[in-house]
file coords_12.cif (mmCIF, C-alpha atoms)
data_start
#
loop_
_atom_site.label_atom_id
_atom_site.label_comp_id
_atom_site.auth_asym_id
_atom_site.auth_seq_id
_atom_site.Cartn_x
_atom_site.Cartn_y
_atom_site.Cartn_z
CA MET A 1 -3.58 -9.70 31.58
CA SER A 2 -2.43 -7.98 28.39
CA ALA A 3 -3.18 -9.49 24.99
CA PRO A 4 -0.42 -11.58 23.38
CA LYS A 5 1.93 -9.69 21.08
CA LYS A 6 1.44 -10.64 17.43
CA ILE A 7 4.58 -11.66 15.55
CA LEU A 8 4.53 -12.38 11.80
CA PHE A 9 7.19 -14.64 10.27
CA VAL A 10 7.68 -14.57 6.48
CA ASP A 11 9.73 -17.27 4.70
CA ASP A 12 9.12 -19.34 1.58
CA GLU A 13 10.54 -22.49 3.20
CA PRO A 14 7.94 -24.32 5.36
CA ASN A 15 10.64 -26.21 7.26
CA ILE A 16 12.20 -22.90 8.39
CA LEU A 17 8.81 -21.68 9.64
CA ALA A 18 8.22 -25.02 11.41
CA GLY A 19 11.62 -24.70 13.11
CA ILE A 20 10.80 -21.20 14.30
CA ARG A 21 7.49 -22.47 15.69
CA ARG A 22 9.38 -25.10 17.73
CA MET A 23 11.99 -22.57 18.92
CA LEU A 24 9.32 -20.31 20.31
CA ALA A 25 7.00 -22.94 21.75
CA ASP A 26 7.74 -21.66 25.27
CA ARG A 27 6.41 -18.20 24.30
CA LYS A 28 2.93 -19.54 23.64
CA GLY A 29 0.34 -17.35 25.34
CA VAL A 30 2.78 -14.45 25.47
CA TRP A 31 3.38 -14.17 21.73
CA ASP A 32 0.79 -14.91 19.04
CA LEU A 33 2.79 -16.41 16.16
CA CYS A 34 1.56 -16.04 12.58
CA PHE A 35 3.26 -17.43 9.46
CA ALA A 36 3.31 -16.50 5.77
CA THR A 37 5.07 -18.42 2.99
CA GLY A 38 5.82 -15.35 0.87
CA ALA A 39 6.02 -11.56 0.85
CA ALA A 40 2.68 -11.16 -0.96
CA GLU A 41 0.89 -13.33 1.60
CA GLY A 42 2.62 -11.45 4.41
CA LEU A 43 1.46 -8.07 3.06
CA ASP A 44 -2.09 -9.38 2.76
CA LEU A 45 -2.02 -10.43 6.42
CA ILE A 46 -0.61 -7.06 7.49
CA GLN A 47 -3.46 -5.26 5.71
CA THR A 48 -6.08 -7.17 7.67
CA GLN A 49 -4.35 -7.68 11.04
CA GLU A 50 -2.27 -5.54 13.37
CA PHE A 51 1.19 -6.97 14.13
CA ASP A 52 3.79 -5.87 16.65
CA VAL A 53 6.88 -7.28 14.91
CA VAL A 54 7.65 -8.78 11.46
CA VAL A 55 10.51 -11.25 10.94
CA THR A 56 11.27 -11.87 7.27
CA ASP A 57 13.66 -13.68 5.00
CA ILE A 58 15.06 -11.77 2.01
CA THR A 59 15.45 -14.31 -0.80
CA MET A 60 12.00 -15.54 -1.82
CA PRO A 61 10.34 -16.19 -5.19
CA GLY A 62 8.07 -13.45 -6.54
CA LYS A 63 8.15 -10.52 -4.15
CA ASP A 64 11.22 -10.75 -1.97
CA GLY A 65 11.93 -9.43 1.52
CA PHE A 66 13.22 -6.12 0.18
CA GLU A 67 9.90 -5.43 -1.54
CA LEU A 68 8.05 -6.36 1.64
CA LEU A 69 10.23 -3.99 3.67
CA LYS A 70 9.87 -1.20 1.11
CA SER A 71 6.08 -1.56 1.04
CA LEU A 72 5.88 -1.37 4.83
CA ARG A 73 8.02 1.77 4.99
CA GLN A 74 6.00 3.53 2.27
CA ASN A 75 2.73 3.02 4.15
CA ALA A 76 2.02 5.55 6.90
CA GLU A 77 0.21 2.89 8.94
CA THR A 78 3.16 0.47 8.97
CA ARG A 79 6.10 2.85 8.63
CA ALA A 80 7.18 2.37 12.24
CA LEU A 81 6.46 -1.39 12.44
CA PRO A 82 9.66 -3.13 13.64
CA VAL A 83 11.10 -5.55 11.03
CA VAL A 84 13.83 -8.10 11.70
CA VAL A 85 15.57 -9.32 8.54
CA LEU A 86 17.11 -12.80 8.32
CA THR A 87 20.32 -12.93 6.23
CA GLY A 88 23.17 -15.29 5.45
CA LEU A 89 26.53 -15.06 7.20
CA GLY A 90 28.45 -13.45 4.32
CA GLU A 91 25.68 -11.38 2.73
CA ARG A 92 27.14 -7.94 3.49
CA ASN A 93 25.49 -6.16 0.57
CA ILE A 94 22.10 -7.61 1.52
CA LYS A 95 22.55 -6.51 5.12
CA ARG A 96 23.49 -2.97 4.05
CA LYS A 97 20.53 -2.73 1.67
CA ALA A 98 18.14 -4.01 4.33
CA LEU A 99 19.31 -1.35 6.77
CA ASP A 100 19.05 1.33 4.06
CA LEU A 101 15.43 0.30 3.45
CA GLY A 102 14.60 0.67 7.14
CA ALA A 103 15.17 -2.75 8.75
CA THR A 104 15.03 -2.50 12.54
CA ASP A 105 17.47 -5.35 13.18
CA LEU A 106 19.38 -8.12 11.38
CA LEU A 107 19.68 -11.77 12.34
CA THR A 108 22.10 -14.20 10.75
CA LYS A 109 21.08 -17.69 9.66
CA PRO A 110 21.13 -20.32 11.05
CA VAL A 111 19.07 -18.64 13.74
CA ASP A 112 19.96 -19.15 17.39
CA PRO A 113 16.75 -19.52 19.45
CA GLU A 114 17.92 -17.23 22.27
CA ASP A 115 19.14 -14.58 19.80
CA LEU A 116 15.77 -14.70 18.03
CA LYS A 117 13.87 -14.25 21.30
CA ALA A 118 16.16 -11.42 22.41
CA ARG A 119 15.82 -9.54 19.08
CA ILE A 120 12.05 -9.90 19.04
CA GLN A 121 11.81 -8.78 22.68
CA SER A 122 13.96 -5.74 21.87
CA CYS A 123 11.69 -4.86 18.94
CA LEU A 124 8.60 -5.27 21.12
CA LEU A 125 10.10 -2.90 23.68
CA GLN A 126 10.83 -0.38 20.91
CA LYS A 127 7.27 -0.77 19.59
CA SER A 128 5.82 -0.17 23.05
CA TYR A 129 7.80 3.09 23.32
CA LEU A 130 6.63 4.15 19.86
CA ASP A 131 3.00 3.29 20.70
CA GLU A 132 3.27 5.30 23.91
CA ILE A 133 4.64 8.32 22.03
CA LYS A 134 1.96 7.88 19.35
CA GLY A 135 -0.74 7.77 22.02
CA PHE A 136 0.68 10.85 23.73
CA ASN A 137 0.80 12.73 20.42
CA ALA A 138 -2.79 11.73 19.64
CA THR A 139 -3.92 12.98 23.06
CA LEU A 140 -1.97 16.20 22.57
CA GLN A 141 -3.49 16.70 19.12
CA ASP A 142 -6.98 16.14 20.55
CA LYS A 143 -6.32 18.73 23.26
CA VAL A 144 -4.93 21.22 20.74
CA ARG A 145 -7.91 20.59 18.44
CA GLU A 146 -10.32 21.03 21.35
CA ARG A 147 -8.61 24.22 22.48
CA THR A 148 -8.53 25.58 18.93
CA GLN A 149 -12.24 24.87 18.58
CA GLU A 150 -12.95 26.62 21.88
CA LEU A 151 -10.99 29.68 20.74
CA ALA A 152 -12.79 29.69 17.36
CA GLN A 153 -16.18 29.46 19.08
CA SER A 154 -15.23 32.23 21.51
CA ARG A 155 -14.09 34.43 18.64
CA LEU A 156 -17.31 33.81 16.71
CA ASP A 157 -19.40 34.51 19.82
CA MET A 158 -17.58 37.80 20.36
CA ILE A 159 -17.96 38.84 16.71
CA LEU A 160 -21.69 38.07 16.70
CA ARG A 161 -22.14 40.10 19.89
CA LEU A 162 -20.30 43.02 18.28
CA GLY A 163 -22.54 42.69 15.24
CA PHE A 164 -25.59 42.74 17.52
CA LEU A 165 -24.52 46.18 18.78
CA ALA A 166 -25.65 47.62 15.46
CA GLU A 167 -29.16 46.23 16.02
CA PHE A 168 -29.41 46.67 19.80
CA ARG A 169 -31.18 50.04 19.78
CA GLU A 170 -33.64 48.93 17.09
CA LYS A 171 -35.16 46.37 19.51
CA THR A 172 -34.97 43.55 16.95
CA SER A 173 -34.22 39.87 17.53
CA GLY A 174 -30.58 40.64 16.79
CA SER A 175 -30.37 37.95 14.15
CA HIS A 176 -30.07 40.15 11.03
CA GLY A 177 -26.28 40.08 11.03
CA ILE A 178 -26.20 36.32 11.57
CA LYS A 179 -28.68 35.74 8.75
CA VAL A 180 -26.67 37.97 6.43
CA GLY A 181 -23.61 35.88 7.29
CA CYS A 182 -25.44 32.63 6.54
CA TYR A 183 -26.93 33.91 3.28
CA SER A 184 -23.55 35.32 2.21
CA ARG A 185 -21.89 31.98 2.84
CA ALA A 186 -24.51 30.19 0.70
CA ILE A 187 -23.91 32.65 -2.17
CA ALA A 188 -20.12 32.39 -1.83
CA GLU A 189 -20.29 28.59 -1.92
CA GLN A 190 -22.41 28.77 -5.08
CA LEU A 191 -19.75 31.01 -6.62
CA GLY A 192 -17.16 28.32 -5.88
CA LEU A 193 -14.94 30.49 -3.69
CA GLU A 194 -12.18 28.85 -1.66
CA ARG A 195 -13.32 27.36 1.65
CA VAL A 196 -11.14 29.71 3.73
CA VAL A 197 -12.65 32.74 1.94
CA VAL A 198 -16.19 31.41 2.41
CA GLU A 199 -15.72 30.88 6.14
CA ARG A 200 -13.99 34.23 6.56
CA LEU A 201 -16.92 35.92 4.82
CA PHE A 202 -19.37 34.06 7.06
CA VAL A 203 -17.64 35.38 10.19
CA ALA A 204 -16.90 38.91 8.92
CA SER A 205 -20.25 39.82 7.32
CA PRO A 206 -22.29 40.11 10.57
CA LEU A 207 -20.18 43.21 11.32
CA HIS A 208 -21.32 45.02 8.16
CA ASP A 209 -23.44 47.57 10.06
CA ILE A 210 -21.27 47.96 13.16
CA GLY A 211 -20.83 51.64 12.29
CA LYS A 212 -24.45 52.28 13.24
CA ILE A 213 -23.36 52.46 16.86
CA GLY A 214 -22.00 55.89 15.94
CA ILE A 215 -25.33 57.16 14.58
CA PRO A 216 -27.52 59.23 16.96
CA GLU A 217 -30.61 57.39 18.14
CA LYS A 218 -32.95 60.19 16.98
CA ILE A 219 -31.82 59.49 13.41
CA LEU A 220 -31.40 55.73 13.62
CA LEU A 221 -34.88 55.19 15.10
CA LYS A 222 -36.74 57.95 13.23
CA LYS A 223 -39.93 56.61 11.65
CA ASP A 224 -40.57 59.57 9.38
CA ARG A 225 -38.64 60.36 6.23
CA LEU A 226 -35.14 61.55 7.01
CA ALA A 227 -34.09 65.06 6.12
CA PHE A 228 -31.23 65.42 3.64
CA GLU A 229 -28.71 66.17 6.39
CA GLU A 230 -30.00 63.27 8.50
CA TRP A 231 -29.71 60.90 5.56
CA ASP A 232 -26.10 61.97 5.02
CA GLN A 233 -25.39 61.31 8.69
CA LEU A 234 -26.99 57.85 8.51
CA LYS A 235 -24.88 56.99 5.47
CA SER A 236 -21.76 57.82 7.48
CA HIS A 237 -22.15 54.49 9.33
CA CYS A 238 -20.07 52.88 6.57
CA VAL A 239 -17.04 55.06 7.27
CA ILE A 240 -17.58 54.83 11.03
CA GLY A 241 -17.60 51.02 10.80
CA TRP A 242 -14.44 51.06 8.71
CA GLU A 243 -12.71 53.35 11.23
CA ILE A 244 -13.71 51.12 14.14
CA LEU A 245 -12.28 48.04 12.43
CA THR A 246 -9.11 49.61 11.01
CA ARG A 247 -8.01 51.85 13.85
CA LYS A 248 -4.78 50.65 15.39
CA ILE A 249 -5.34 49.93 19.08
CA GLN A 250 -2.59 51.47 21.18
CA GLY A 251 -1.29 49.78 24.29
CA THR A 252 -1.75 46.18 23.16
CA SER A 253 1.97 45.43 23.49
CA PHE A 254 1.77 46.53 27.12
CA LEU A 255 -1.28 44.34 27.64
CA PHE A 256 0.48 41.32 26.14
CA SER A 257 3.54 41.94 28.29
CA LEU A 258 1.36 41.79 31.39
CA ALA A 259 -0.09 38.52 30.12
CA GLY A 260 3.36 37.06 29.61
CA ASN A 261 3.28 37.34 25.82
CA ARG A 262 6.45 38.79 24.32
CA LEU A 263 4.76 40.47 21.34
CA ARG A 264 6.43 43.84 20.98
CA LYS A 265 4.22 45.47 18.36
CA ASP A 266 0.64 46.70 18.63
CA LEU A 267 -1.97 44.69 16.76
CA ASP A 268 -2.20 45.75 13.13
CA PRO A 269 -5.74 45.19 11.77
CA GLY A 270 -4.36 45.45 8.24
CA LYS A 271 -2.45 42.20 8.79
CA ASN A 272 -5.46 40.27 10.10
CA PRO A 273 -7.34 38.89 7.06
CA LEU A 274 -10.61 38.54 8.99
CA VAL A 275 -10.57 42.10 10.33
CA LYS A 276 -9.43 43.37 6.94
CA MET A 277 -12.40 41.71 5.20
CA ALA A 278 -14.83 42.92 7.88
CA SER A 279 -13.61 46.52 7.52
CA THR A 280 -13.87 46.33 3.73
CA ILE A 281 -17.45 45.05 3.95
CA ALA A 282 -18.40 47.70 6.52
CA LEU A 283 -17.09 50.45 4.22
CA THR A 284 -18.37 49.27 0.83
CA HIS A 285 -21.51 47.13 1.28
CA HIS A 286 -23.70 50.08 0.19
CA GLU A 287 -21.80 50.70 -3.05
CA TRP A 288 -23.89 50.06 -6.19
CA TRP A 289 -22.88 48.15 -9.30
CA ASN A 290 -23.72 51.23 -11.43
CA GLY A 291 -21.58 53.56 -9.30
CA LYS A 292 -24.47 55.39 -7.60
CA GLY A 293 -23.98 53.96 -4.12
CA TYR A 294 -22.04 55.34 -1.16
CA PRO A 295 -19.71 56.36 0.41
CA HIS A 296 -17.20 56.44 -2.50
CA ARG A 297 -19.43 55.75 -5.54
CA LEU A 298 -17.37 52.72 -6.54
CA LYS A 299 -18.54 50.97 -9.69
CA GLY A 300 -18.61 47.40 -11.02
CA GLU A 301 -15.69 45.20 -10.05
CA ASP A 302 -14.02 48.08 -8.24
CA ILE A 303 -16.41 47.10 -5.45
CA PRO A 304 -14.81 44.23 -3.49
CA LEU A 305 -16.40 40.85 -4.21
CA GLU A 306 -17.24 40.21 -0.56
CA SER A 307 -19.15 43.50 -0.39
CA ARG A 308 -21.13 42.72 -3.56
CA ILE A 309 -22.19 39.43 -1.96
CA VAL A 310 -23.13 40.98 1.39
CA ALA A 311 -25.01 43.83 -0.35
CA LEU A 312 -27.49 41.39 -1.90
CA ALA A 313 -27.79 39.21 1.23
CA ASP A 314 -28.34 42.35 3.34
CA VAL A 315 -31.10 43.80 1.14
CA TYR A 316 -32.87 40.43 0.82
CA ASP A 317 -33.08 40.03 4.59
CA GLU A 318 -34.05 43.69 5.13
CA LEU A 319 -36.95 43.41 2.67
CA ILE A 320 -38.46 40.22 4.10
CA SER A 321 -38.09 41.24 7.77
CA ASP A 322 -40.22 43.45 9.99
CA HIS A 323 -38.75 46.78 11.13
CA PHE A 324 -40.03 49.65 13.26
CA TYR A 325 -40.24 51.73 10.07
CA GLN A 326 -41.84 49.12 7.77
CA THR A 327 -43.57 45.75 7.73
CA ALA A 328 -41.96 42.84 5.95
CA HIS A 329 -42.51 42.36 2.22
CA SER A 330 -43.47 38.95 0.91
CA GLU A 331 -40.58 37.06 -0.60
CA GLU A 332 -42.19 37.39 -4.02
CA GLU A 333 -42.29 41.18 -3.64
CA ALA A 334 -38.73 41.27 -2.31
CA LEU A 335 -37.36 39.18 -5.19
CA GLY A 336 -39.21 41.37 -7.68
CA MET A 337 -37.59 44.50 -6.20
CA ILE A 338 -34.18 42.86 -6.28
CA ARG A 339 -34.57 41.74 -9.90
CA LYS A 340 -35.43 45.29 -10.96
CA ASN A 341 -32.05 46.38 -9.60
CA ILE A 342 -29.86 43.75 -11.28
CA GLY A 343 -27.12 45.64 -13.08
CA GLU A 344 -28.06 48.80 -11.18
CA GLN A 345 -27.58 48.10 -7.49
CA PHE A 346 -26.51 44.47 -7.74
CA ASP A 347 -23.79 42.58 -9.61
CA PRO A 348 -25.58 40.35 -12.19
CA GLU A 349 -23.18 37.48 -11.50
CA ILE A 350 -23.84 37.66 -7.76
CA TYR A 351 -27.58 37.62 -8.43
CA VAL A 352 -27.24 34.41 -10.50
CA ALA A 353 -25.41 32.76 -7.59
CA PHE A 354 -28.03 34.10 -5.16
CA ASP A 355 -30.85 32.73 -7.33
CA LYS A 356 -29.20 29.29 -7.56
CA SER A 357 -28.68 29.19 -3.78
CA LEU A 358 -32.18 30.44 -2.97
CA GLY A 359 -33.33 26.98 -1.90
CA ARG A 360 -30.58 26.79 0.71
CA ILE A 361 -31.25 30.39 1.79
CA ARG A 362 -34.93 29.59 2.31
CA GLU A 363 -33.99 26.62 4.49
CA ILE A 364 -31.77 28.89 6.61
CA ARG A 365 -34.55 31.47 6.91
CA LYS A 366 -37.04 28.79 7.96
CA GLN A 367 -34.66 27.56 10.67
CA PHE A 368 -34.26 31.11 11.98
CA LEU A 369 -38.03 31.68 12.05
CA GLU A 370 -38.50 28.46 14.01
CA TRP A 371 -35.72 29.47 16.41
CA GLU A 372 -37.15 32.98 16.90
CA PHE A 373 -40.63 31.54 17.55
CA LYS A 374 -39.22 29.15 20.14
CA GLU A 375 -37.26 31.96 21.78
CA SER A 376 -40.40 34.11 22.05
CA GLU A 377 -42.32 31.18 23.58
CA ASP A 378 -39.54 30.61 26.13
CA VAL A 379 -39.56 34.31 27.09
CA ALA A 380 -43.37 34.28 27.48
CA HIS A 381 -43.14 31.16 29.63
CA ASP A 382 -40.51 32.76 31.89
CA ILE A 383 -42.74 35.82 32.38
#

call {"tool": "encode", "arguments": {"input": "coords_12.cif", "output": "structure tokens"}}
result
Amino acid sequence: MSAPKKILFVDDEPNILAGIRRMLADRKGVWDLCFATGAAEGLDLIQTQEFDVVVTDITMPGKDGFELLKSLRQNAETRALPVVVLTGLGERNIKRKALDLGATDLLTKPVDPEDLKARIQSCLLQKSYLDEIKGFNATLQDKVRERTQELAQSRLDMILRLGFLAEFREKTSGSHGIKVGCYSRAIAEQLGLERVVVERLFVASPLHDIGKIGIPEKILLKKDRLAFEEWDQLKSHCVIGWEILTRKIQGTSFLFSLAGNRLRKDLDPGKNPLVKMASTIALTHHEWWNGKGYPHRLKGEDIPLESRIVALADVYDELISDHFYQTAHSEEEALGMIRKNIGEQFDPEIYVAFDKSLGRIREIRKQFLEWEFKESEDVAHDI
């Protein structure tokens, strides 16, 4: 059996409320009747209890019925709550004003018991429809939110896998790009960048070295010092990465047509803010603050902010990590090397933000080390 519907009656005259109670005595158990002797008391009850219908008089001392109605319509929680307004026979202006303020129905005094029951029942039916629509909308919003989250997770998974391509041939754990993303986010948050920019940087930065997939393995994995020509070829990974992320992919409109999507134009990476940021980082994360970096020898603030952030996060993780060509430096050594290059390789302002976020960065690094250790144990156990 469903719970009784809660009806609130508001009138400053106790005898009127007592009469209503008698009129509706046969609805006991079906309707839960509550009474307030003024608009202020009624609003207090509405804040603490959930009602299905409100029936109110207009003329009351202090706050009147209009103020009650106005307050209900201004509150998102009670905006759709049905309200029946009691008025006198000749009070045309009052009736018009009540309707303008959002009254659901009007009832003329003296109140006929059957009319009162019929109006309340009509309001309850309206409320049930509204509740059903509200519930459907909430379910739909949950499904949309769940689907959006699934798509976001799928996109992130795909991006991280693409970032791992750059590390695949180096036989590493594949977590460098992810760590650079996490460190970059910590620095960006310390700089006070907008949330959307911070999250975009977090997702885009793992692709900073994607151009390395275009570097021959004999150069990429060479342990000895690179020859001048080999070094130039290795440096070309920045331009290769930029070309991969900016090249317009032909045939996408055909693909979408097969999938039932009516998009007529090919995807334009220049119009996708995430891809645009990723391509910028791929191209310019090896530029130096003093203009001696590569590939275009950009200087100072001509280097995009996102690339200045990733440049520091990238070098920090490279220095404290093991590689086939070098063993990891201690953090103290790494920080000393970074400090020597403030104003040369690194933006001084970015370094300040990095230094202030170092505690958070260390926590992230510790979590990754614990994860990598657990992964290695799991692999050993499987063998």

call {"tool": "resolve_selection", "arguments": {"input": "coords_12.cif", "expression": "the PyMOL selection byres ((chain A and resi 123-138) around 9)", "output": "MDAnalysis selection string"}}
result
chainID A and resid 5 52:53 80:84 104:105 118:122 139:143

call {"tool": "resolve_selection", "arguments": {"input": "coords_12.cif", "expression": "the PyMOL selection byres ((chain A and resi 40) around 12)", "output": "list in words"}}
result
Val10, Asp11, Asp12, Ala36, Thr37, Gly38, Ala39, Glu41, Gly42, Leu43, Asp44, Leu45, Ile46, Gln47, Thr56, Met60, Pro61, Gly62, Lys63, Asp64, Gly65, Phe66, Glu67, Leu68, Leu69, Ser71 and Leu72 of chain A

call {"tool": "resolve_selection", "arguments": {"input": "coords_12.cif", "expression": "the PyMOL selection byres ((chain A and resi 289) around 10)", "output": "PDB file with C-alpha atoms, in the frame of the given file"}}
result
ATOM      1  CA  HIS A 286     -23.700  50.080   0.190  1.00  0.00           C
ATOM      2  CA  GLU A 287     -21.800  50.700  -3.050  1.00  0.00           C
ATOM      3  CA  TRP A 288     -23.890  50.060  -6.190  1.00  0.00           C
ATOM      4  CA  ASN A 290     -23.720  51.230 -11.430  1.00  0.00           C
ATOM      5  CA  GLY A 291     -21.580  53.560  -9.300  1.00  0.00           C
ATOM      6  CA  LYS A 292     -24.470  55.390  -7.600  1.00  0.00           C
ATOM      7  CA  GLY A 293     -23.980  53.960  -4.120  1.00  0.00           C
ATOM      8  CA  ARG A 297     -19.430  55.750  -5.540  1.00  0.00           C
ATOM      9  CA  LEU A 298     -17.370  52.720  -6.540  1.00  0.00           C
ATOM     10  CA  LYS A 299     -18.540  50.970  -9.690  1.00  0.00           C
ATOM     11  CA  GLY A 300     -18.610  47.400 -11.020  1.00  0.00           C
ATOM     12  CA  GLU A 301     -15.690  45.200 -10.050  1.00  0.00           C
ATOM     13  CA  ASP A 302     -14.020  48.080  -8.240  1.00  0.00           C
ATOM     14  CA  ILE A 303     -16.410  47.100  -5.450  1.00  0.00           C
ATOM     15  CA  ARG A 308     -21.130  42.720  -3.560  1.00  0.00           C
ATOM     16  CA  ASN A 341     -32.050  46.380  -9.600  1.00  0.00           C
ATOM     17  CA  ILE A 342     -29.860  43.750 -11.280  1.00  0.00           C
ATOM     18  CA  GLY A 343     -27.120  45.640 -13.080  1.00  0.00           C
ATOM     19  CA  GLU A 344     -28.060  48.800 -11.180  1.00  0.00           C
ATOM     20  CA  GLN A 345     -27.580  48.100  -7.490  1.00  0.00           C
ATOM     21  CA  PHE A 346     -26.510  44.470  -7.740  1.00  0.00           C
ATOM     22  CA  ASP A 347     -23.790  42.580  -9.610  1.00  0.00           C
ATOM     23  CA  PRO A 348     -25.580  40.350 -12.190  1.00  0.00           C
TER      24      PRO A 348
END

call {"tool": "atom_distance", "arguments": {"input": "coords_12.cif", "atom1": "atom CA of A:Ile215", "atom2": "atom CA of A:Val203"}}
result
23.5 Å

call {"tool": "atom_distance", "arguments": {"input": "coords_12.cif", "atom1": "atom CA of A:Lys222", "atom2": "atom CA of A:Glu332"}}
result
27.4 Å

call {"tool": "atom_distance", "arguments": {"input": "coords_12.cif", "atom1": "atom CA of A:Ser279", "atom2": "atom CA of A:Leu226"}}
result
26.3 Å

call {"tool": "closest_residue", "arguments": {"input": "coords_12.cif", "among": "A:Lys218, A:Lys95, A:Ala278, A:Arg195", "to": "A:Gly163", "atoms": "all atoms listed in the file"}}
result
A:Ala278

call {"tool": "closest_residue", "arguments": {"input": "coords_12.cif", "among": "A:Ser2, A:Gln233, A:Ser205, A:Thr87", "to": "A:Glu217", "atoms": "all atoms listed in the file"}}
result
A:Gln233

call {"tool": "closest_residue", "arguments": {"input": "coords_12.cif", "among": "A:Ile187, A:Leu245, A:Val275, A:Cys182", "to": "A:Gln367", "atoms": "all atoms listed in the file"}}
result
A:Cys182

call {"tool": "axis_aligned_box", "arguments": {"input": "coords_12.cif", "around": "stretch 322-329 of chain A", "padding_each_side": "4 Å", "output": "AutoDock Vina command-line options"}}
result
--center_x -41.2 --center_y 47.0 --center_z 7.7 --size_x 12.8 --size_y 17.4 --size_z 19.0

call {"tool": "residues_near_point", "arguments": {"input": "coords_12.cif", "point": "(-24.2, 51.2, 10.6)", "cutoff": "9 Å", "atoms": "all atoms listed in the file", "output": "ChimeraX atom specification"}}
result
/A:166-167,207-215,234-241,282

call {"tool": "residues_around", "arguments": {"input": "coords_12.cif", "residues": "A:Glu114", "least_positions_apart": "6", "cutoff": "12 Å", "atoms": "all atoms listed in the file", "output": "JSON, numbers by chain"}}
result
{"A": [20, 23, 24, 26, 27, 107, 120, 121]}

call {"tool": "closest_residue", "arguments": {"input": "coords_12.cif", "among": "A:Arg21, A:Arg145, A:Lys179, A:Arg185", "to": "A:Lys117", "atoms": "only C-alpha atoms"}}
result
A:Arg21
